[in-house]
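Visitor: My structure file data.cif, mmCIF, C-alpha atoms, is below:
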data_model
loop_
_atom_site.label_atom_id
_atom_site.label_comp_id
_atom_site.auth_asym_id
_atom_site.auth_seq_id
_atom_site.Cartn_x
_atom_site.Cartn_y
_atom_site.Cartn_z
CA MET A 136 131.93 114.27 51.45
CA GLY A 137 134.72 112.56 49.60
CA PHE A 138 136.60 109.44 50.53
CA LYS A 139 140.34 109.21 50.92
CA ILE A 140 141.95 106.16 49.31
CA GLU A 141 144.80 104.83 51.43
CA LYS A 142 147.53 102.44 50.37
CA GLY A 143 149.69 100.15 52.47
CA VAL A 144 147.34 99.85 55.45
CA PRO A 145 147.65 96.28 56.79
CA MET A 146 144.43 94.32 57.11
CA THR A 147 143.56 93.14 60.60
CA ALA A 148 142.79 89.50 61.30
CA PRO A 149 139.14 88.64 60.71
CA SER A 150 137.06 88.72 63.84
CA ARG A 151 134.86 85.83 64.86
CA ASP A 152 131.51 85.59 63.13
CA ARG A 153 128.95 87.57 65.15
CA SER A 154 126.66 84.56 65.23
CA GLY A 155 129.45 82.36 66.61
CA LYS A 156 127.99 82.14 70.09
CA TRP A 157 124.66 80.99 68.66
CA LYS A 158 126.38 78.47 66.35
CA ASP A 159 128.21 77.03 69.33
CA LEU A 160 125.00 76.85 71.36
CA LEU A 161 122.95 75.28 68.56
CA GLY A 162 125.72 72.80 67.85
CA LYS A 163 125.40 71.49 71.40
CA MET A 164 121.59 71.26 71.35
CA ASP A 165 119.73 68.06 70.50
CA VAL A 166 116.25 67.97 68.98
CA GLY A 167 113.82 68.77 71.81
CA ASP A 168 116.31 70.90 73.78
CA SER A 169 115.46 74.53 74.51
CA VAL A 170 117.18 77.65 75.71
CA LEU A 171 115.73 80.67 77.51
CA VAL A 172 116.85 84.18 76.50
CA ASP A 173 115.86 87.61 77.76
CA GLU A 174 115.20 89.49 74.53
CA GLN A 175 113.28 88.91 71.32
CA SER A 176 116.33 90.00 69.32
CA GLN A 177 118.31 87.12 70.84
CA ALA A 178 115.57 84.63 69.93
CA THR A 179 115.49 86.01 66.39
CA SER A 180 119.27 85.69 66.11
CA ILE A 181 119.10 82.09 67.27
CA ARG A 182 116.37 81.30 64.73
CA ASN A 183 118.26 82.99 61.88
CA THR A 184 121.52 81.24 62.77
CA ALA A 185 119.72 77.89 62.97
CA LYS A 186 118.24 78.47 59.51
CA ARG A 187 121.72 79.17 58.07
CA MET A 188 122.90 75.92 59.70
CA GLY A 189 120.01 73.94 58.20
CA LEU A 190 118.32 73.48 61.60
CA LEU A 191 114.77 74.31 62.60
CA VAL A 192 114.05 76.29 65.76
CA ARG A 193 110.75 77.47 67.18
CA CYS A 194 110.69 80.55 69.42
CA GLN A 195 107.91 81.60 71.75
CA GLN A 196 107.48 84.41 74.25
CA GLN A 197 106.99 83.18 77.80
CA ASP A 198 104.56 84.54 80.39
CA ASP A 199 107.37 86.43 82.16
CA GLY A 200 108.36 88.24 78.92
CA SER A 201 111.43 86.13 78.22
CA PHE A 202 111.76 84.02 75.06
CA ARG A 203 112.35 80.30 74.70
CA ALA A 204 113.86 78.70 71.59
CA TRP A 205 113.36 74.96 70.98
CA ARG A 206 115.39 72.99 68.47
CA ILE A 207 112.73 70.99 66.63
CA GLU A 208 114.75 69.57 63.72
#
Taking this structure as input, can you express it in the form of structure tokens?
Guide:
Amino acid sequence: MGFKIEKGVPMTAPSRDRSGKWKDLLGKMDVGDSVLVDEQSQATSIRNTAKRMGLLVRCQQQDDGSFRAWRIE
């Protein structure tokens, strides 16, 4: 399949960074604070966003299957 090159198509405004909600959340957290999320993918996203921000987060699955993320640095 070939690609069609188009000219003159205006570029849309950039959308907000997908990790924006996690950046906002982590920015409000102090060391020792934690947040509970439903899915492992959310905990992983929080941890990855924290790493990009230079923060350290520890995530652990809870007995009820949810996940808790603690800001530890």
Visitor: Written as a ChimeraX atom specification, which residues does the PyMOL selection byres ((chain A and resi 166-174) around 6) give for the file shown?
Guide: /A:164-165,175-177,201-208
Visitor: What is the atom CA of A:Gly189 to atom CA of A:Gly155 distance in Å?
Guide: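 Atom CA of A:Gly155 lies 15.2 Å from atom CA of A:Gly189.
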Visitor: Could you tell me, as a PyMOL selection string, exactly which residues end up selected when the PyMOL selection byres ((chain A and resi 180) around 12) is applied to this structure?
Guide: chain A and resi 153-158+160-161+172+174-179+181-187+192-194+202+204
Visitor: Rounded to one decimal place, report the atom CA of A:Met188-atom CA of A:Pro149 distance in Å.
Guide: 20.7 Å
